[in-house]
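This is target-v8.txt. It holds compact mmCIF, C-alpha atoms.
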```txt
# COMPACT_ATOMS: atom_id res chain seq x y z
CA MET J 1 8.03 14.44 -12.09
CA PRO J 2 6.45 17.45 -10.44
CA ALA J 3 5.44 17.06 -6.80
CA THR J 4 1.75 17.44 -7.67
CA HIS J 5 1.98 14.55 -10.13
CA ASN J 6 3.70 12.32 -7.56
CA ASP J 7 1.09 13.25 -4.96
CA SER J 8 -1.74 12.36 -7.35
CA LEU J 9 -0.07 9.15 -8.50
CA VAL J 10 0.17 7.77 -4.97
CA ARG J 11 -3.37 8.88 -4.08
CA ASP J 12 -4.65 7.15 -7.23
CA PHE J 13 -2.64 4.05 -6.32
CA VAL J 14 -4.18 3.94 -2.84
CA ASN J 15 -7.64 4.40 -4.38
CA ALA J 16 -6.93 1.39 -6.62
CA PHE J 17 -6.75 -0.76 -3.48
CA ASN J 18 -10.37 0.02 -2.76
CA THR J 19 -11.37 -1.72 -6.03
CA HIS J 20 -10.03 -5.01 -4.59
CA ASP J 21 -8.54 -5.75 -8.02
CA ALA J 22 -4.83 -6.50 -7.73
CA ASP J 23 -4.41 -6.15 -11.49
CA ALA J 24 -5.45 -2.48 -11.12
CA LEU J 25 -2.25 -1.94 -9.11
CA ALA J 26 0.06 -3.11 -11.90
CA PRO J 27 0.10 0.11 -14.00
CA PHE J 28 1.40 2.03 -10.98
CA LEU J 29 4.35 -0.29 -10.37
CA ALA J 30 7.77 -0.35 -12.01
CA ASP J 31 8.77 -3.73 -13.48
CA ASP J 32 11.43 -4.10 -10.78
CA VAL J 33 9.43 -2.69 -7.86
CA VAL J 34 10.41 -3.85 -4.38
CA PHE J 35 7.66 -4.02 -1.75
CA THR J 36 8.64 -4.45 1.88
CA ALA J 37 6.14 -4.76 4.70
CA TYR J 38 7.57 -4.38 8.19
CA GLY J 39 8.79 -7.73 9.43
CA ASP J 40 8.40 -9.58 6.13
CA SER J 41 10.89 -10.39 3.40
CA PRO J 42 10.90 -8.03 0.42
CA VAL J 43 8.75 -8.94 -2.57
CA GLU J 44 10.51 -8.12 -5.83
CA GLY J 45 8.97 -7.41 -9.22
CA ARG J 46 5.60 -6.21 -10.46
CA VAL J 47 4.27 -9.72 -11.11
CA ALA J 48 5.19 -10.91 -7.59
CA VAL J 49 3.71 -7.82 -5.89
CA VAL J 50 0.43 -8.14 -7.82
CA ALA J 51 0.30 -11.86 -6.92
CA LEU J 52 0.84 -11.02 -3.24
CA TRP J 53 -2.08 -8.60 -3.26
CA LYS J 54 -4.31 -11.05 -5.13
CA GLY J 55 -3.79 -13.38 -2.16
CA VAL J 56 -4.48 -10.61 0.35
CA PHE J 57 -7.68 -9.59 -1.43
CA ALA J 58 -8.79 -13.24 -1.51
CA ASN J 59 -8.17 -13.76 2.23
CA PHE J 60 -9.78 -10.62 3.65
CA ALA J 61 -13.52 -9.97 3.65
CA GLN J 62 -12.96 -6.19 3.55
CA ILE J 63 -10.08 -3.91 2.67
CA LYS J 64 -10.35 -0.14 2.70
CA PHE J 65 -7.28 2.09 2.53
CA GLU J 66 -7.46 5.75 3.50
CA THR J 67 -4.73 8.39 3.38
CA VAL J 68 -4.69 10.62 6.46
CA HIS J 69 -1.64 12.78 5.62
CA GLN J 70 0.72 12.75 2.68
CA ALA J 71 3.97 14.60 1.99
CA VAL J 72 6.03 14.74 -1.18
CA ASN J 73 9.76 15.41 -1.45
CA GLY J 74 10.75 15.06 -5.08
CA ASP J 75 10.34 11.41 -6.02
CA VAL J 76 9.64 10.28 -2.44
CA VAL J 77 6.09 10.24 -1.09
CA ILE J 78 5.38 9.57 2.59
CA ALA J 79 1.81 8.68 3.48
CA GLU J 80 0.16 8.13 6.84
CA GLN J 81 -2.63 5.70 6.14
CA ILE J 82 -5.37 3.70 7.80
CA HIS J 83 -5.63 0.22 6.39
CA GLY J 84 -9.12 -0.95 7.20
CA LEU J 85 -8.93 -4.75 7.21
CA ALA J 86 -11.49 -7.39 8.11
CA LEU J 87 -11.12 -11.14 8.09
CA PRO J 88 -14.18 -13.20 7.11
CA GLY J 89 -16.72 -12.86 9.91
CA GLY J 90 -14.73 -10.08 11.58
CA LYS J 91 -15.24 -6.36 11.89
CA LEU J 92 -13.21 -3.73 10.04
CA ALA J 93 -10.01 -3.08 12.02
CA PRO J 94 -8.31 0.33 11.59
CA VAL J 95 -4.62 -0.55 11.21
CA MET J 96 -2.40 2.55 11.24
CA ASN J 97 0.36 2.44 8.63
CA MET J 98 3.19 4.61 7.35
CA ALA J 99 4.05 4.03 3.71
CA ILE J 100 7.11 5.27 1.88
CA TYR J 101 7.00 5.28 -1.91
CA GLU J 102 10.03 5.93 -4.10
CA LEU J 103 9.02 6.85 -7.63
CA ARG J 104 10.97 6.47 -10.84
CA ASP J 105 9.75 7.47 -14.30
CA GLY J 106 6.20 7.92 -13.06
CA ARG J 107 5.93 4.54 -11.35
CA ILE J 108 6.50 3.14 -7.88
CA ALA J 109 9.97 1.58 -7.76
CA ALA J 110 10.13 0.97 -4.00
CA TRP J 111 7.34 0.73 -1.47
CA ARG J 112 7.82 0.19 2.24
CA ASP J 113 4.97 -0.24 4.72
CA TYR J 114 5.63 0.28 8.42
CA THR J 115 3.07 -0.84 10.96
CA ASN J 116 3.00 -2.77 14.21
CA PRO J 117 2.06 -6.30 13.08
CA ALA J 118 1.43 -7.55 16.63
CA TYR J 119 -1.02 -4.72 17.31
CA ALA J 120 -2.63 -5.19 13.90
CA SER J 121 -3.14 -8.86 14.71
CA THR J 122 -4.94 -8.00 17.96
CA LEU J 123 -7.25 -5.62 16.06
CA LEU J 124 -8.09 -8.26 13.48
CA GLN J 125 -8.99 -10.79 16.18
CA ALA J 126 -11.28 -8.40 18.06
```
Produce structure tokens that represent the structure in this file.
Amino acid sequence: MPATHNDSLVRDFVNAFNTHDADALAPFLADDVVFTAYGDSPVEGRVAVVALWKGVFANFAQIKFETVHQAVNGDVVIAEQIHGLALPGGKLAPVMNMAIYELRDGRIAAWRDYTNPAYASTLLQA
């Protein structure tokens, strides 16, 4: 895929998060996608990744993802993001994140999120 298509695909994927509808993520994901968040075990398969995010959307009062910078190198997209997260009764915490997306046939085949979970936890409790 051309770099501009891969750039747009990932930006559209991130925008889908702001709908808080995990099913809206499914069309962007390969059947055998592997999602890895720093410190957690990998989640394998589109159905499992969508189920994970359904749980996340159900547990957080607010979720707002924003891309700060994004770079494309062929089928790899690197995105610096702010994941705005708020637990019920809490304020929106700006959690800095680096996401790596590996694309195959126009879908996300691998997705790795890197953040500092200990720092994110302190922000969510503030």
Box for segment 106-117 of chain J - axis-aligned, 4 Å on each of the six sides, all listed atoms - centre and size in Å to one decimal, as AutoDock Vina command-line options.
```
--center_x 6.1 --center_y 0.8 --center_z 0.6 --size_x 16.1 --size_y 22.2 --size_z 35.3
```
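We find atom CA of Pro88 of chain J and atom CA of Ala61 of chain J to be spaced 4.8 Å apart.
Distances from J:Phe65, J:Tyr38, J:Phe60, J:Trp53 to Asp113 of chain J were compared using all atoms listed in the file, and the smallest one belongs to J:Tyr38.
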Open item on the list: Applying 8 Å and all atoms listed in the file, which residues near Ile78 of chain J remain after dropping the ones on its own chain fewer than 3 positions away? List them as a list of chain:residue names.
Closed with: J:Gln70, J:Ala71, J:Val72, J:Met98, J:Ala99, J:Ile100, J:Tyr101
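For the atom pair formed by atom CA of Glu44 of chain J and atom CA of Glu102 of chain J, the distance is 14.2 Å, given to one decimal.
With only C-alpha atoms as the basis for measurement, J:Asp23 is the residue among J:Arg112, J:Asp23, J:Gly84, J:Gly106 that approaches Ala51 of chain J most closely.
The spacing separating atom CA of Arg104 of chain J from atom CA of Leu25 of chain J amounts to 15.8 Å.
Nearest residue to Glu66 of chain J, choosing from J:Val33, J:Ala109, J:Ala26, J:Val95 and counting only C-alpha atoms: J:Val95.
Of the residues under consideration (J:Asn15, J:Thr115, J:Gln62, J:Thr67), J:Gln62 shows the shortest atom-to-atom contact distance to Lys91 of chain J when counting only C-alpha atoms.
Excluding Asp105 of chain J itself and any same-chain residue fewer than 3 positions from it, the protein and nucleic acid residues within 10 Å of it, counting all atoms listed in the file, are Met1, Ala30, Asp75, Ile108 and Ala109 of chain J.
Around Phe28 of chain J, within 9 Å and counting only C-alpha atoms, the residues found are Leu9, Val10, Asp12, Phe13, Ala24, Gly106, Arg107 and Ile108 of chain J, once anything fewer than 4 positions away on its own chain is removed.
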Export segment 50-61 of chain J of the preceding structure, keeping all heavy atoms, as a tab-separated table (two decimals), in the first residue's frame.
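In the end it all went to out.tsv:
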```tsv
chain	number	residue	atom	x	y	z
J	50	VAL	N	-11.00	-7.09	19.77
J	50	VAL	CA	-12.25	-6.32	19.89
J	50	VAL	C	-12.87	-6.55	21.28
J	50	VAL	O	-13.32	-5.60	21.92
J	50	VAL	CB	-13.23	-6.69	18.75
J	50	VAL	CG1	-14.62	-6.12	19.02
J	50	VAL	CG2	-12.69	-6.17	17.42
J	51	ALA	N	-12.85	-7.79	21.77
J	51	ALA	CA	-13.39	-8.08	23.10
J	51	ALA	C	-12.62	-7.33	24.19
J	51	ALA	O	-13.22	-6.80	25.13
J	51	ALA	CB	-13.36	-9.59	23.36
J	52	LEU	N	-11.30	-7.28	24.05
J	52	LEU	CA	-10.49	-6.53	25.01
J	52	LEU	C	-10.94	-5.08	25.08
J	52	LEU	O	-11.16	-4.52	26.16
J	52	LEU	CB	-9.01	-6.60	24.63
J	52	LEU	CG	-8.09	-5.64	25.39
J	52	LEU	CD1	-7.71	-6.24	26.73
J	52	LEU	CD2	-6.87	-5.32	24.58
J	53	TRP	N	-11.10	-4.45	23.90
J	53	TRP	CA	-11.46	-3.04	23.88
J	53	TRP	C	-12.90	-2.81	24.32
J	53	TRP	O	-13.22	-1.76	24.88
J	53	TRP	CB	-11.14	-2.42	22.52
J	53	TRP	CG	-9.66	-2.23	22.43
J	53	TRP	CD1	-8.75	-3.01	21.77
J	53	TRP	CD2	-8.90	-1.23	23.10
J	53	TRP	NE1	-7.48	-2.55	21.99
J	53	TRP	CE2	-7.54	-1.46	22.80
J	53	TRP	CE3	-9.21	-0.17	23.93
J	53	TRP	CZ2	-6.52	-0.66	23.30
J	53	TRP	CZ3	-8.19	0.63	24.43
J	53	TRP	CH2	-6.86	0.38	24.11
J	54	LYS	N	-13.78	-3.78	24.11
J	54	LYS	CA	-15.14	-3.65	24.66
J	54	LYS	C	-15.05	-3.51	26.17
J	54	LYS	O	-15.75	-2.70	26.78
J	54	LYS	CB	-15.99	-4.86	24.28
J	54	LYS	CG	-16.52	-4.79	22.88
J	54	LYS	CD	-17.44	-5.96	22.55
J	54	LYS	CE	-17.89	-5.82	21.10
J	54	LYS	NZ	-18.81	-6.88	20.68
J	55	GLY	N	-14.20	-4.32	26.80
J	55	GLY	CA	-14.01	-4.23	28.24
J	55	GLY	C	-13.42	-2.91	28.67
J	55	GLY	O	-13.85	-2.32	29.66
J	56	VAL	N	-12.44	-2.41	27.92
J	56	VAL	CA	-11.82	-1.13	28.24
J	56	VAL	C	-12.87	-0.01	28.14
J	56	VAL	O	-13.00	0.82	29.05
J	56	VAL	CB	-10.61	-0.84	27.33
J	56	VAL	CG1	-10.11	0.58	27.52
J	56	VAL	CG2	-9.50	-1.85	27.58
J	57	PHE	N	-13.63	0.00	27.05
J	57	PHE	CA	-14.64	1.04	26.88
J	57	PHE	C	-15.69	0.98	27.98
J	57	PHE	O	-16.22	2.01	28.41
J	57	PHE	CB	-15.30	0.95	25.50
J	57	PHE	CG	-14.39	1.30	24.35
J	57	PHE	CD1	-14.46	0.60	23.15
J	57	PHE	CD2	-13.46	2.32	24.45
J	57	PHE	CE1	-13.63	0.93	22.08
J	57	PHE	CE2	-12.62	2.65	23.40
J	57	PHE	CZ	-12.71	1.94	22.21
J	58	ALA	N	-16.00	-0.22	28.47
J	58	ALA	CA	-16.99	-0.37	29.53
J	58	ALA	C	-16.46	0.11	30.88
J	58	ALA	O	-17.24	0.57	31.72
J	58	ALA	CB	-17.43	-1.83	29.63
J	59	ASN	N	-15.15	0.02	31.09
J	59	ASN	CA	-14.57	0.35	32.40
J	59	ASN	C	-14.15	1.80	32.56
J	59	ASN	O	-13.98	2.26	33.69
J	59	ASN	CB	-13.38	-0.56	32.69
J	59	ASN	CG	-13.81	-1.97	33.00
J	59	ASN	OD1	-14.78	-2.17	33.72
J	59	ASN	ND2	-13.13	-2.96	32.45
J	60	PHE	N	-13.95	2.51	31.46
J	60	PHE	CA	-13.51	3.90	31.55
J	60	PHE	C	-14.67	4.83	31.26
J	60	PHE	O	-15.47	4.59	30.36
J	60	PHE	CB	-12.37	4.17	30.56
J	60	PHE	CG	-11.04	3.66	31.04
J	60	PHE	CD1	-10.67	2.34	30.84
J	60	PHE	CD2	-10.16	4.50	31.70
J	60	PHE	CE1	-9.46	1.86	31.29
J	60	PHE	CE2	-8.93	4.03	32.16
J	60	PHE	CZ	-8.58	2.70	31.95
J	61	ALA	N	-14.74	5.92	32.01
J	61	ALA	CA	-15.79	6.91	31.79
J	61	ALA	C	-15.52	7.72	30.52
J	61	ALA	O	-16.46	8.13	29.84
J	61	ALA	CB	-15.89	7.85	33.00
```
